[in-house]
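Peer 1: Please read through the structure below; I'll follow up with questions.
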Amino acid sequence: MEREIVMPHAAAKILKTLNVGGYEAYIVGGCVRDALLGREAGDWDITTSAKPEQVKALFTHTFDTGIAHGTVTVVMEDGNNYEVTTYRTETTYSDCRHPDDVIFTASLEEDLKRRDFTMNAIAYHPKEGFRDYFGGREDIDRQVIRGVGDPSQRFQEDALRMLRALRFSVQLGFSIEKKTADALKENVSLIQKISAERIRMELEKMLLGDFPEKMPFLWESGLLGALFPQWAQTLQEHGNTFIDQLSLCSRRPAVRWAAALQWIGEAGAKAVFRALKFDLATEKEALLLLRLGPSVIPAQKVFLRKLIGQIGPETAMEVLRMQSILTQQDLRNQMEMVTEILADGDCCSLRELAVDGKVLLSVGIPGGEEMGKILKKLLALVQEEPAMNERDTLLEAVKRYQEGEEI
Ligand code: ATP
Ligand code: MG
C-alpha cells in the first residue's frame, strides 16, 4: 500500500503554487525520509523544475539564500521558511567537497541522482505519490544506508558524505550497506579535505545520536584514524566501555565530547578541540569534566558549595553525573546534596555573598588586593556555614579582622 505523507499546510501550498505556475515541485530529502520513519522532520525542503527567478516571481516574500546553488527561501504565513531548490545535476568535484559547477536540469531523476543516499533521494507529491528511483523506501524499511550510484565515486566527489553515512547510522540505528561501507573504508583519507567546522558538526551529531552501538564503525573503518590517529587508537581499545557509558551520559555536547576524549589526556583533548575549532564555552566545560571527572568528590556540602562556586551549578551536576558513569561510583548522596544546596539558596560564589566591594569600601577597606583577599575569606566562611551570609554578621567578622583577628 502506498504510504502518505502529512506535510505542513504551507509546504503543500508552495507545491500547488509552483504547479499552477506550470512547474513540477516535490518535497524531497530529509523530510521525506523522516516522515516515512515517523520522526519529526527538521526542514521541509522543496525541489522544483522552476529556475530561481521563476520561483521568486511566484511568491511575495522570498530571499536569496544560495541562489548560486539554485536555492530560494520562501517565507510563508505560518512563519516558517522553506528552501525551494531548482533541480540540478552536479559536475566534477576537484576538491572532494564542492561541485565545480552547478548545472540546472529539467529532470527530477537527475536531481535525485546527485543526492547522497537512497533514503535521502526520495521525492513526494500529495497527488503523484513517491518518486523513488533508487529503492529508497525499501532501504528505509530494511534500515540500510546505501549510496546512490557508485558509492566510491560519490565519496570521492564529496568526502563529507562518509561522515554523513556514519552520522545517519548513529542517529537512525541503520546499518551501512556492505558496498557503501567498503567504499567508505577505501576512501577514508579523503576526509582530511573537509573543513573543521563540518567535521565537528557531524561528529557532534553522532555523539548525540540515539544509537551509540553503531559508532564503532567510526574508528573501525579508519575514518577517525585518518583525522586523529591517537584518539582513534584509544577508542579502538576502549570502544565498548565508551559505548556503554554514552547511553548513560546527559545529552550535553560537552559531556559527550569529554566522554569520547577521556583516554587521550588533557593535551590530546586540547589538540582535538583546536583542530576542530571548538567554541570556547564547550571546550571549557569539556576540559573541566575531563579534569574533574576522575577525581574524588567527597560527600561534604562545603566541598560541593565550593565546586558550584567555581564551575556553576549545571556543570557541577554534570561533573557528578559524569563521574558516576566513568568511575561507576555511587554519587547519589552528593547529587542530593547539590540539589539541597540549590534549593536552600546557599551562597556558593561571590555573586551571592551578602556584602560586596562597595559595602567593604564604606567600612574603610581599601580597594585592590586587600579587598579581594577579604572577599575570598568571607566567601570561604559562608561556604562552611551558610547561616553566616548576613550583611551584619559578615561586617562584624570584617571588623574583628581589622582589629587583628583572623576571619
Ligand atoms: P538532517 O537535516 O536531518 O541532518 P538531511 O537529510 O535533511 O538531514 P541536509 O544536510 O539538510 O540533510 O540536506 C538535505 C538533503 O540534501 C539531503 O537529504 C540529501 O538529499 C541532500 N544532501 C545534503 N548533503 C549532501 C551531500 N553532501 N551530498 C549529496 N547530497 C546531499
Ligand atoms: Mg535537513
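Naming works like this for the C-alpha cells: A, B, ... for the chains as they're shown, residue 1 at the start of each chain, ligands 1 onward in shown order.
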Residues within 6 Å of ligand 1 should be enumerated using only C-alpha atoms and all ligand atoms and returned as an MDAnalysis selection string.

Peer 2: chainID A and resid 29:30 42 114:116 120:121 160:161

Peer 1: With N, CA and C atoms retained, write the just-selected residues as a PDB file, in the first residue's frame.

Peer 2:
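Done, and the output landed in result38.pdb:
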```
ATOM      1  N   GLY A  29      14.134  14.755   0.176  1.00  0.00           N
ATOM      2  CA  GLY A  29      15.291  14.656   1.083  1.00  0.00           C
ATOM      3  C   GLY A  29      14.915  14.273   2.495  1.00  0.00           C
ATOM      4  N   GLY A  30      15.579  14.920   3.448  1.00  0.00           N
ATOM      5  CA  GLY A  30      15.453  14.561   4.868  1.00  0.00           C
ATOM      6  C   GLY A  30      14.016  14.507   5.367  1.00  0.00           C
ATOM      7  N   GLY A  42      12.967  17.975  10.299  1.00  0.00           N
ATOM      8  CA  GLY A  42      13.546  19.288  10.606  1.00  0.00           C
ATOM      9  C   GLY A  42      13.003  20.337   9.640  1.00  0.00           C
ATOM     10  N   ARG A 114      21.980  13.043  -7.758  1.00  0.00           N
ATOM     11  CA  ARG A 114      23.149  13.703  -7.170  1.00  0.00           C
ATOM     12  C   ARG A 114      23.123  13.634  -5.641  1.00  0.00           C
ATOM     13  N   ARG A 115      22.024  13.141  -5.063  1.00  0.00           N
ATOM     14  CA  ARG A 115      21.893  13.117  -3.612  1.00  0.00           C
ATOM     15  C   ARG A 115      22.684  11.957  -3.025  1.00  0.00           C
ATOM     16  N   ASP A 116      22.972  12.041  -1.723  1.00  0.00           N
ATOM     17  CA  ASP A 116      23.965  11.105  -1.183  1.00  0.00           C
ATOM     18  C   ASP A 116      23.489   9.659  -1.017  1.00  0.00           C
ATOM     19  N   ASN A 120      17.720   9.436   1.181  1.00  0.00           N
ATOM     20  CA  ASN A 120      17.636  10.893   1.054  1.00  0.00           C
ATOM     21  C   ASN A 120      17.281  11.322  -0.367  1.00  0.00           C
ATOM     22  N   ALA A 121      17.002  10.364  -1.220  1.00  0.00           N
ATOM     23  CA  ALA A 121      16.783  10.666  -2.638  1.00  0.00           C
ATOM     24  C   ALA A 121      15.359  10.326  -3.063  1.00  0.00           C
ATOM     25  N   LEU A 160      32.625  14.517   2.631  1.00  0.00           N
ATOM     26  CA  LEU A 160      31.759  14.705   3.807  1.00  0.00           C
ATOM     27  C   LEU A 160      30.712  13.595   3.900  1.00  0.00           C
ATOM     28  N   ARG A 161      30.337  13.046   2.744  1.00  0.00           N
ATOM     29  CA  ARG A 161      29.305  12.002   2.720  1.00  0.00           C
ATOM     30  C   ARG A 161      29.686  10.811   3.591  1.00  0.00           C
TER      31      ARG A 161
END
```

Peer 1: Given a cut-off of 12 Å, what residues near ligand 2 show up using only C-alpha atoms and all ligand atoms, put as a PyMOL selection string?

Peer 2: chain A and resi 27-34+40-46+82-83+120+164+168

Peer 1: Using only C-alpha atoms, please write the residues we just selected to a file, as a short mmCIF file (atom, residue, chain, number, x, y, z; two decimals), in the first residue's frame.

Peer 2:
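File out12.cif, as written:
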```cif
data_model
loop_
_atom_site.label_atom_id
_atom_site.label_comp_id
_atom_site.auth_asym_id
_atom_site.auth_seq_id
_atom_site.Cartn_x
_atom_site.Cartn_y
_atom_site.Cartn_z
CA ILE A 27 9.11 17.73 -1.16
CA VAL A 28 12.40 15.94 -1.00
CA GLY A 29 15.29 14.66 1.08
CA GLY A 30 15.45 14.56 4.87
CA CYS A 31 11.80 15.47 5.43
CA VAL A 32 10.50 12.60 3.25
CA ARG A 33 12.90 10.20 4.96
CA ASP A 34 11.92 11.36 8.45
CA GLU A 40 9.75 14.70 13.34
CA ALA A 41 11.18 16.33 10.21
CA GLY A 42 13.55 19.29 10.61
CA ASP A 43 13.06 21.27 7.43
CA TRP A 44 10.59 20.66 4.65
CA ASP A 45 12.72 21.13 1.54
CA ILE A 46 11.22 21.51 -1.90
CA TYR A 82 11.00 26.80 3.12
CA GLU A 83 14.00 26.23 0.90
CA ASN A 120 17.64 10.89 1.05
CA ARG A 164 27.15 11.74 6.97
CA PHE A 168 22.83 8.86 9.96
#
```

Peer 1: Between A:Gln156, A:Thr62, A:Thr339, A:Asn81, which is the closest to Pro8 of chain A once you count only C-alpha atoms?

Peer 2: A:Asn81

Peer 1: So that I can see what lies close to segment 243-253 of chain A, please list as a ChimeraX atom specification the residues with an atom at most 12 Å from it, counting only C-alpha atoms and leaving out residues fewer than 5 positions away in the same chain.

Peer 2: /A:170,200-201,203-217,235-238,258-262,278-279,281-286,289,314-315,317-328

Peer 1: Within 7 Å of Ala10 of chain A, counting only C-alpha atoms, which residues qualify if same-chain residues fewer than 4 places away don't, as a list of chain:residue names?

Peer 2: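 Counting only C-alpha atoms, the residues come to A:Ile14, A:Met76, A:Asp78.
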
Peer 1: What is the distance between atom CA of Asn389 of chain A and atom CA of Leu360 of chain A, in Å to one decimal?

Peer 2: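 Answer for the atom CA of Asn389 of chain A to atom CA of Leu360 of chain A separation: 14.5 Å.
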
Peer 1: Using only C-alpha atoms, which of A:Pro52, A:Lys127, A:Tyr87, A:Ala11 sits nearest Val75 of chain A?

Peer 2: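 Ranked by minimum distance to Val75 of chain A, first place goes to A:Ala11.
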
Peer 1: Tell me which protein, DNA and RNA residues are within 12 Å of Arg351 of chain A, counting only C-alpha atoms, leaving out same-chain ones fewer than 5 positions away, and put them as a PyMOL selection string.

Peer 2: chain A and resi 309-310+312+346+356-357+375-376+379+389

Peer 1: Those same residues - N, CA, C and O atoms - I'd like them written as a compact mmCIF listing (two decimals), in the first residue's frame.

Peer 2:
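And here is the file that came out, selection_19.txt:
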```txt
# COMPACT_ATOMS: atom_id res chain seq x y z
N GLY A 309 30.53 27.02 43.25
CA GLY A 309 31.04 28.38 43.13
C GLY A 309 32.03 28.51 41.98
O GLY A 309 32.06 29.51 41.27
N GLN A 310 32.82 27.46 41.78
CA GLN A 310 33.87 27.52 40.74
C GLN A 310 33.32 27.31 39.34
O GLN A 310 33.74 27.98 38.41
N GLY A 312 29.77 26.62 38.49
CA GLY A 312 28.33 26.81 38.25
C GLY A 312 27.56 25.54 38.55
O GLY A 312 28.09 24.44 38.44
N ASP A 346 21.95 28.35 49.30
CA ASP A 346 23.23 28.59 49.96
C ASP A 346 24.14 29.43 49.08
O ASP A 346 24.14 29.28 47.85
N ASP A 356 29.42 43.20 49.29
CA ASP A 356 30.26 43.28 48.09
C ASP A 356 31.34 44.35 48.30
O ASP A 356 31.45 44.93 49.38
N GLY A 357 32.09 44.60 47.28
CA GLY A 357 33.20 45.55 47.38
C GLY A 357 32.76 46.92 47.85
O GLY A 357 33.45 47.57 48.66
N LEU A 375 37.26 39.44 50.59
CA LEU A 375 36.06 38.85 49.99
C LEU A 375 36.19 37.34 49.89
O LEU A 375 35.26 36.59 50.16
N LYS A 376 37.39 36.88 49.52
CA LYS A 376 37.63 35.44 49.40
C LYS A 376 37.46 34.75 50.74
O LYS A 376 36.90 33.66 50.83
N LEU A 379 33.84 34.55 51.63
CA LEU A 379 33.17 33.52 50.84
C LEU A 379 33.45 32.14 51.45
O LEU A 379 32.54 31.33 51.63
N ASN A 389 25.82 34.09 56.08
CA ASN A 389 25.69 35.01 54.94
C ASN A 389 24.65 36.10 55.21
O ASN A 389 23.64 36.20 54.52
```

Peer 1: Give me the residues near Gln402 of chain A as a PyMOL selection string, where near means some atom within 10 Å (using only C-alpha atoms) and where sequence neighbours in that chain fewer than 5 positions away do not count.

Peer 2: chain A and resi 364-365+396-397+407

Peer 1: Compile the contact shell of Val148 of chain A as a compact mmCIF listing (two decimals) with N, CA, C and O atoms, in the first residue's frame: residues with an atom at most 12 Å away, counting only C-alpha atoms, same-chain residues fewer than 6 positions apart removed.

Peer 2:
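Contents of part_19.txt, freshly written:
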```
# COMPACT_ATOMS: atom_id res chain seq x y z
N GLU A 109 14.74 13.11 -11.92
CA GLU A 109 15.59 11.94 -11.68
C GLU A 109 17.06 12.35 -11.59
O GLU A 109 17.81 11.85 -10.75
N GLU A 110 17.46 13.27 -12.47
CA GLU A 110 18.85 13.76 -12.43
C GLU A 110 19.14 14.40 -11.08
O GLU A 110 20.21 14.23 -10.49
N ASP A 111 18.16 15.19 -10.60
CA ASP A 111 18.34 15.86 -9.32
C ASP A 111 18.49 14.86 -8.18
O ASP A 111 19.33 15.00 -7.30
N LEU A 112 17.67 13.81 -8.22
CA LEU A 112 17.72 12.82 -7.14
C LEU A 112 19.02 12.02 -7.20
O LEU A 112 19.55 11.59 -6.18
N LYS A 113 19.56 11.88 -8.40
CA LYS A 113 20.77 11.10 -8.61
C LYS A 113 21.99 11.71 -7.92
O LYS A 113 22.93 11.02 -7.57
N ARG A 114 21.98 13.04 -7.76
CA ARG A 114 23.15 13.70 -7.17
C ARG A 114 23.12 13.63 -5.64
O ARG A 114 24.05 14.05 -4.96
N ARG A 115 22.02 13.14 -5.06
CA ARG A 115 21.89 13.12 -3.61
C ARG A 115 22.68 11.96 -3.03
O ARG A 115 23.05 11.03 -3.73
N ASP A 116 22.97 12.04 -1.72
CA ASP A 116 23.97 11.11 -1.18
C ASP A 116 23.49 9.66 -1.02
O ASP A 116 24.12 8.74 -1.51
N PHE A 117 22.36 9.47 -0.31
CA PHE A 117 21.94 8.10 -0.01
C PHE A 117 20.52 7.87 -0.52
O PHE A 117 19.74 8.80 -0.64
N THR A 118 20.21 6.62 -0.79
CA THR A 118 18.90 6.31 -1.38
C THR A 118 17.78 6.85 -0.50
O THR A 118 16.78 7.36 -0.99
N MET A 119 17.94 6.75 0.83
CA MET A 119 16.88 7.21 1.74
C MET A 119 16.70 8.72 1.68
O MET A 119 15.66 9.23 2.09
N ASN A 120 17.72 9.44 1.18
CA ASN A 120 17.64 10.89 1.05
C ASN A 120 17.28 11.32 -0.37
O ASN A 120 17.33 12.50 -0.69
N ALA A 121 17.00 10.36 -1.22
CA ALA A 121 16.78 10.67 -2.64
C ALA A 121 15.36 10.33 -3.06
O ALA A 121 15.12 9.89 -4.17
N ILE A 122 14.42 10.53 -2.15
CA ILE A 122 13.01 10.26 -2.46
C ILE A 122 12.27 11.59 -2.52
O ILE A 122 12.44 12.44 -1.64
N ASP A 132 10.70 7.58 -6.43
CA ASP A 132 11.74 6.87 -5.68
C ASP A 132 12.48 5.97 -6.66
O ASP A 132 12.14 4.81 -6.82
N TYR A 133 13.46 6.55 -7.34
CA TYR A 133 14.12 5.82 -8.44
C TYR A 133 15.20 4.86 -7.97
O TYR A 133 15.72 4.09 -8.74
N PHE A 134 15.61 4.97 -6.70
CA PHE A 134 16.78 4.18 -6.29
C PHE A 134 16.47 3.22 -5.14
O PHE A 134 17.37 2.75 -4.46
N GLY A 135 15.20 2.95 -4.94
CA GLY A 135 14.84 1.99 -3.89
C GLY A 135 15.00 2.54 -2.49
O GLY A 135 15.29 1.79 -1.54
N GLY A 136 14.81 3.83 -2.33
CA GLY A 136 14.98 4.46 -1.02
C GLY A 136 14.02 3.93 0.03
O GLY A 136 14.42 3.67 1.17
N ASP A 139 15.08 0.56 1.25
CA ASP A 139 16.23 0.66 2.13
C ASP A 139 15.83 1.19 3.50
O ASP A 139 16.38 0.76 4.51
N ARG A 154 30.96 8.52 -5.33
CA ARG A 154 30.21 9.54 -4.60
C ARG A 154 31.00 10.08 -3.41
O ARG A 154 30.92 11.25 -3.07
N PHE A 155 31.78 9.20 -2.75
CA PHE A 155 32.61 9.66 -1.64
C PHE A 155 33.78 10.48 -2.16
O PHE A 155 34.26 11.40 -1.50
N ARG A 161 30.34 13.05 2.74
CA ARG A 161 29.30 12.00 2.72
C ARG A 161 29.69 10.81 3.59
O ARG A 161 28.81 10.13 4.11
N ALA A 165 27.22 9.39 6.34
CA ALA A 165 26.76 7.99 6.40
C ALA A 165 26.80 7.49 7.85
O ALA A 165 25.83 6.93 8.36
N GLU A 177 25.22 -0.30 4.24
CA GLU A 177 25.22 -1.44 3.33
C GLU A 177 26.66 -1.76 2.91
O GLU A 177 27.51 -0.89 2.85
N LYS A 179 28.54 -2.60 0.28
CA LYS A 179 29.30 -1.95 -0.79
C LYS A 179 29.63 -0.49 -0.42
O LYS A 179 30.72 0.01 -0.69
N THR A 180 28.66 0.16 0.24
CA THR A 180 28.87 1.54 0.66
C THR A 180 29.92 1.58 1.79
O THR A 180 30.80 2.45 1.79
```
